[in-house]
$ cat structure_1.tsv   # TSV, C-alpha atoms
chain	number	residue	atom	x	y	z
A	1	MET	CA	76.89	142.91	64.89
A	2	ASN	CA	75.06	143.50	68.18
A	3	ARG	CA	73.31	146.67	69.28
A	4	LYS	CA	76.53	148.04	70.82
A	5	GLY	CA	78.44	147.60	67.57
A	6	GLY	CA	80.44	144.54	68.68
A	7	TYR	CA	80.82	141.31	66.77
A	8	GLY	CA	80.21	137.79	67.97
A	9	LYS	CA	77.50	136.59	70.26
A	10	LEU	CA	77.15	135.33	73.78
A	11	VAL	CA	77.12	131.54	73.87
A	12	ARG	CA	76.58	128.92	76.53
A	13	ASP	CA	79.63	128.08	78.64
A	14	ARG	CA	80.30	124.67	77.10
A	15	ILE	CA	80.02	125.75	73.45
A	16	PRO	CA	83.79	126.29	73.00
A	17	GLN	CA	84.46	122.79	74.37
A	18	ILE	CA	81.83	121.30	72.06
A	19	ILE	CA	83.41	123.10	69.08
A	20	ARG	CA	86.85	121.72	70.05
A	21	GLU	CA	85.43	118.20	70.33
A	22	LYS	CA	84.26	118.56	66.72
A	23	GLY	CA	87.80	119.40	65.60
A	24	ALA	CA	87.64	123.18	65.26
A	25	GLU	CA	89.28	125.86	67.38
A	26	PRO	CA	86.87	128.56	68.58
A	27	VAL	CA	87.95	132.18	68.88
A	28	THR	CA	86.50	133.60	72.08
A	29	TYR	CA	87.04	136.16	74.83
A	30	VAL	CA	85.41	136.87	78.18
A	31	ALA	CA	83.09	139.89	78.13
A	32	SER	CA	83.44	142.70	80.64
A	33	PRO	CA	80.57	143.02	83.12
A	34	ASP	CA	78.97	145.85	81.11
A	35	GLU	CA	79.33	144.02	77.81
A	36	TYR	CA	78.00	140.83	79.42
A	37	ARG	CA	74.87	142.65	80.62
A	38	ASN	CA	74.30	144.13	77.16
A	39	ARG	CA	74.91	140.83	75.41
A	40	LEU	CA	72.48	139.08	77.78
A	41	ARG	CA	69.83	141.60	76.76
A	42	ASP	CA	70.61	140.89	73.10
A	43	LYS	CA	70.49	137.15	73.81
A	44	LEU	CA	67.09	137.51	75.46
A	45	GLY	CA	65.73	139.11	72.30
A	46	GLU	CA	67.31	136.35	70.19
A	47	GLU	CA	65.85	133.57	72.35
A	48	VAL	CA	62.38	135.17	72.47
A	49	THR	CA	62.43	135.48	68.67
A	50	GLU	CA	63.34	131.78	68.39
A	51	PHE	CA	60.54	130.87	70.81
A	52	LEU	CA	57.99	132.90	68.85
A	53	ALA	CA	59.03	131.17	65.61
A	54	ALA	CA	58.96	127.66	67.12
A	55	ASP	CA	56.18	125.16	66.58
A	56	ASP	CA	54.49	123.56	69.59
A	57	ALA	CA	56.88	120.59	69.54
A	58	ASN	CA	59.99	122.80	69.79
A	59	ALA	CA	58.52	125.59	71.92
A	60	PRO	CA	59.38	124.02	75.32
A	61	GLU	CA	63.08	123.80	74.43
A	62	GLU	CA	63.10	127.40	73.19
A	63	LEU	CA	61.23	128.52	76.30
A	64	ALA	CA	63.88	126.81	78.44
A	65	ASP	CA	66.51	128.88	76.60
A	66	VAL	CA	64.57	132.05	77.46
A	67	LEU	CA	64.46	130.95	81.10
A	68	GLU	CA	68.23	130.33	81.13
A	69	VAL	CA	68.85	133.88	79.90
A	70	LEU	CA	66.36	135.28	82.43
A	71	HIS	CA	68.22	133.52	85.26
A	72	ALA	CA	71.54	134.94	84.03
A	73	LEU	CA	70.08	138.45	83.80
A	74	ALA	CA	68.62	138.14	87.30
A	75	ALA	CA	72.03	137.08	88.63
A	76	VAL	CA	73.63	140.14	86.99
A	77	LEU	CA	71.07	142.25	88.85
A	78	GLY	CA	71.92	140.47	92.11
A	79	VAL	CA	68.65	138.52	92.22
A	80	ASP	CA	68.73	134.75	92.64
A	81	ALA	CA	66.10	132.38	91.24
A	82	GLY	CA	64.29	132.22	94.60
A	83	GLN	CA	64.05	136.00	94.86
A	84	LEU	CA	62.89	136.23	91.26
A	85	GLU	CA	60.15	133.70	91.98
A	86	LYS	CA	59.06	135.68	95.06
A	87	ILE	CA	58.81	138.84	92.95
A	88	ARG	CA	56.77	136.94	90.35
A	89	GLU	CA	54.49	135.52	93.05
A	90	ALA	CA	53.94	138.95	94.61
A	91	LYS	CA	52.98	140.44	91.25
A	92	ALA	CA	50.69	137.48	90.55
A	93	SER	CA	49.06	137.89	93.96
A	94	GLU	CA	48.53	141.63	93.42
A	95	ARG	CA	47.59	141.67	89.73
A	96	GLY	CA	46.89	138.05	88.87
A	97	GLY	CA	48.56	135.79	86.34
A	98	PHE	CA	47.48	134.89	82.82
A	99	ALA	CA	45.69	131.59	83.41
A	100	ASP	CA	42.19	133.03	82.87
A	101	ARG	CA	43.10	134.09	79.28
A	102	ILE	CA	41.55	137.55	79.69
A	103	VAL	CA	41.98	139.92	76.72
A	104	TRP	CA	41.35	143.60	77.40
A	105	THR	CA	39.97	145.65	74.49
A	106	GLY	CA	39.56	149.04	76.17
A	107	ASN	CA	37.11	150.84	78.46
A	108	ARG	CA	33.56	152.10	77.95
$ encode --input "structure_1.tsv" --output "structure tokens"
Amino acid sequence: MNRKGGYGKLVRDRIPQIIREKGAEPVTYVASPDEYRNRLRDKLGEEVTEFLAADDANAPEELADVLEVLHALAAVLGVDAGQLEKIREAKASERGGFADRIVWTGNR
């Protein structure tokens, strides 16, 4: 059950076809725009959890799944990948990125 009380989970577009190719018949429906947005948020949490649990060998694949969900969420918000990257670049320019590995422990 998801956080809105519904059953099932959002899957990639080709999953029903893949299930059919394996001889089973999937039961699916198309989510409403509101449900889709909520299920994408749930999916983001699921994919982040899988990334956090992954070892270094599997982490890139899990990170790609996170990125796929981020792109879908951005599209729902009316932001394409280019715009999202511009927003990221602006924040990095203003506040920096994470490359310097700085850990803040408080102020004196």
$ atom_distance --input "structure_1.tsv" --atom1 "CA of Phe51 in chain A" --atom2 "CA of Ala72 in chain A"
17.7 Å
$ residues_around --input "structure_1.tsv" --residues "Asp13 in chain A" --least-positions-apart "3" --cutoff "12 Å" --atoms "all atoms listed in the file" --output "JSON list (two decimals) with C-alpha atoms, in the frame of the given file"
[["chain", "number", "residue", "atom", "x", "y", "z"],
["A", 10, "LEU", "CA", 77.15, 135.33, 73.78],
["A", 16, "PRO", "CA", 83.79, 126.29, 73.00],
["A", 17, "GLN", "CA", 84.46, 122.79, 74.37],
["A", 18, "ILE", "CA", 81.83, 121.30, 72.06],
["A", 19, "ILE", "CA", 83.41, 123.10, 69.08],
["A", 28, "THR", "CA", 86.50, 133.60, 72.08],
["A", 29, "TYR", "CA", 87.04, 136.16, 74.83],
["A", 30, "VAL", "CA", 85.41, 136.87, 78.18],
["A", 68, "GLU", "CA", 68.23, 130.33, 81.13],
["A", 72, "ALA", "CA", 71.54, 134.94, 84.03]]
$ atom_distance --input "structure_1.tsv" --atom1 "CA of Leu40 in chain A" --atom2 "CA of Ala74 in chain A"
10.3 Å
$ atom_distance --input "structure_1.tsv" --atom1 "CA of Asp65 in chain A" --atom2 "CA of Glu47 in chain A"
6.4 Å
$ closest_residue --input "structure_1.tsv" --among "A:Ala24, A:Ile102, A:Leu73, A:Leu44" --to "Lys9 in chain A" --atoms "all atoms listed in the file"
A:Leu44
$ closest_residue --input "structure_1.tsv" --among "A:Ala54, A:Gln83, A:Arg14, A:Gly45" --to "Val66 in chain A" --atoms "only C-alpha atoms"
A:Gly45
$ closest_residue --input "structure_1.tsv" --among "A:Leu67, A:Ala53, A:Leu77, A:Val11" --to "Arg37 in chain A" --atoms "all atoms listed in the file"
A:Leu77
$ build_atoms --input "structure_1.tsv" --residues "range 57-68 of chain A" --atoms "all heavy atoms" --output "mmCIF file, in the coordinates of the input"
data_model
loop_
_atom_site.group_PDB
_atom_site.id
_atom_site.type_symbol
_atom_site.label_atom_id
_atom_site.label_comp_id
_atom_site.auth_asym_id
_atom_site.auth_seq_id
_atom_site.Cartn_x
_atom_site.Cartn_y
_atom_site.Cartn_z
ATOM 1 N N ALA A 57 55.969 121.663 69.152
ATOM 2 C CA ALA A 57 56.880 120.590 69.540
ATOM 3 C C ALA A 57 58.224 121.137 70.028
ATOM 4 O O ALA A 57 58.828 120.579 70.942
ATOM 5 C CB ALA A 57 57.104 119.638 68.365
ATOM 6 N N ASN A 58 58.693 122.236 69.428
ATOM 7 C CA ASN A 58 59.990 122.800 69.790
ATOM 8 C C ASN A 58 59.905 123.951 70.787
ATOM 9 O O ASN A 58 60.916 124.384 71.328
ATOM 10 C CB ASN A 58 60.713 123.286 68.522
ATOM 11 C CG ASN A 58 61.081 122.135 67.633
ATOM 12 O OD1 ASN A 58 61.633 121.137 68.088
ATOM 13 N ND2 ASN A 58 60.777 122.248 66.347
ATOM 14 N N ALA A 59 58.700 124.443 71.037
ATOM 15 C CA ALA A 59 58.520 125.590 71.920
ATOM 16 C C ALA A 59 59.055 125.369 73.335
ATOM 17 O O ALA A 59 59.684 126.273 73.889
ATOM 18 C CB ALA A 59 57.054 126.019 71.949
ATOM 19 N N PRO A 60 58.851 124.196 73.949
ATOM 20 C CA PRO A 60 59.380 124.020 75.320
ATOM 21 C C PRO A 60 60.901 124.180 75.404
ATOM 22 O O PRO A 60 61.410 124.802 76.340
ATOM 23 C CB PRO A 60 58.943 122.604 75.697
ATOM 24 C CG PRO A 60 57.711 122.375 74.889
ATOM 25 C CD PRO A 60 57.985 123.071 73.575
ATOM 26 N N GLU A 61 61.622 123.658 74.425
ATOM 27 C CA GLU A 61 63.080 123.800 74.430
ATOM 28 C C GLU A 61 63.477 125.265 74.265
ATOM 29 O O GLU A 61 64.384 125.753 74.953
ATOM 30 C CB GLU A 61 63.701 122.966 73.304
ATOM 31 C CG GLU A 61 65.211 122.988 73.335
ATOM 32 C CD GLU A 61 65.847 122.025 72.359
ATOM 33 O OE1 GLU A 61 65.278 120.956 72.094
ATOM 34 O OE2 GLU A 61 66.931 122.362 71.877
ATOM 35 N N GLU A 62 62.797 125.972 73.391
ATOM 36 C CA GLU A 62 63.100 127.400 73.190
ATOM 37 C C GLU A 62 62.728 128.206 74.438
ATOM 38 O O GLU A 62 63.439 129.136 74.819
ATOM 39 C CB GLU A 62 62.374 127.936 71.959
ATOM 40 C CG GLU A 62 62.796 127.280 70.651
ATOM 41 C CD GLU A 62 64.276 127.412 70.331
ATOM 42 O OE1 GLU A 62 64.938 128.344 70.837
ATOM 43 O OE2 GLU A 62 64.779 126.574 69.569
ATOM 44 N N LEU A 63 61.635 127.839 75.081
ATOM 45 C CA LEU A 63 61.230 128.520 76.300
ATOM 46 C C LEU A 63 62.245 128.290 77.418
ATOM 47 O O LEU A 63 62.545 129.194 78.203
ATOM 48 C CB LEU A 63 59.837 128.032 76.728
ATOM 49 C CG LEU A 63 59.070 128.881 77.726
ATOM 50 C CD1 LEU A 63 58.943 130.327 77.261
ATOM 51 C CD2 LEU A 63 57.697 128.281 77.950
ATOM 52 N N ALA A 64 62.826 127.096 77.467
ATOM 53 C CA ALA A 64 63.880 126.810 78.440
ATOM 54 C C ALA A 64 65.103 127.701 78.192
ATOM 55 O O ALA A 64 65.758 128.146 79.145
ATOM 56 C CB ALA A 64 64.268 125.342 78.393
ATOM 57 N N ASP A 65 65.407 127.971 76.921
ATOM 58 C CA ASP A 65 66.510 128.880 76.600
ATOM 59 C C ASP A 65 66.213 130.289 77.104
ATOM 60 O O ASP A 65 67.095 130.967 77.639
ATOM 61 C CB ASP A 65 66.767 128.913 75.090
ATOM 62 C CG ASP A 65 67.384 127.622 74.564
ATOM 63 O OD1 ASP A 65 67.907 126.830 75.367
ATOM 64 O OD2 ASP A 65 67.339 127.421 73.332
ATOM 65 N N VAL A 66 64.978 130.734 76.942
ATOM 66 C CA VAL A 66 64.570 132.050 77.460
ATOM 67 C C VAL A 66 64.765 132.082 78.972
ATOM 68 O O VAL A 66 65.321 133.045 79.521
ATOM 69 C CB VAL A 66 63.105 132.371 77.085
ATOM 70 C CG1 VAL A 66 62.622 133.632 77.805
ATOM 71 C CG2 VAL A 66 62.951 132.522 75.574
ATOM 72 N N LEU A 67 64.340 131.022 79.637
ATOM 73 C CA LEU A 67 64.460 130.950 81.100
ATOM 74 C C LEU A 67 65.924 130.997 81.538
ATOM 75 O O LEU A 67 66.269 131.656 82.525
ATOM 76 C CB LEU A 67 63.767 129.692 81.609
ATOM 77 C CG LEU A 67 63.631 129.548 83.113
ATOM 78 C CD1 LEU A 67 62.884 130.729 83.727
ATOM 79 C CD2 LEU A 67 62.926 128.236 83.440
ATOM 80 N N GLU A 68 66.798 130.310 80.811
ATOM 81 C CA GLU A 68 68.230 130.330 81.130
ATOM 82 C C GLU A 68 68.784 131.748 81.072
ATOM 83 O O GLU A 68 69.528 132.183 81.948
ATOM 84 C CB GLU A 68 68.991 129.421 80.164
ATOM 85 C CG GLU A 68 70.452 129.250 80.504
ATOM 86 C CD GLU A 68 70.683 128.431 81.761
ATOM 87 O OE1 GLU A 68 69.882 127.532 82.056
ATOM 88 O OE2 GLU A 68 71.695 128.698 82.452
#
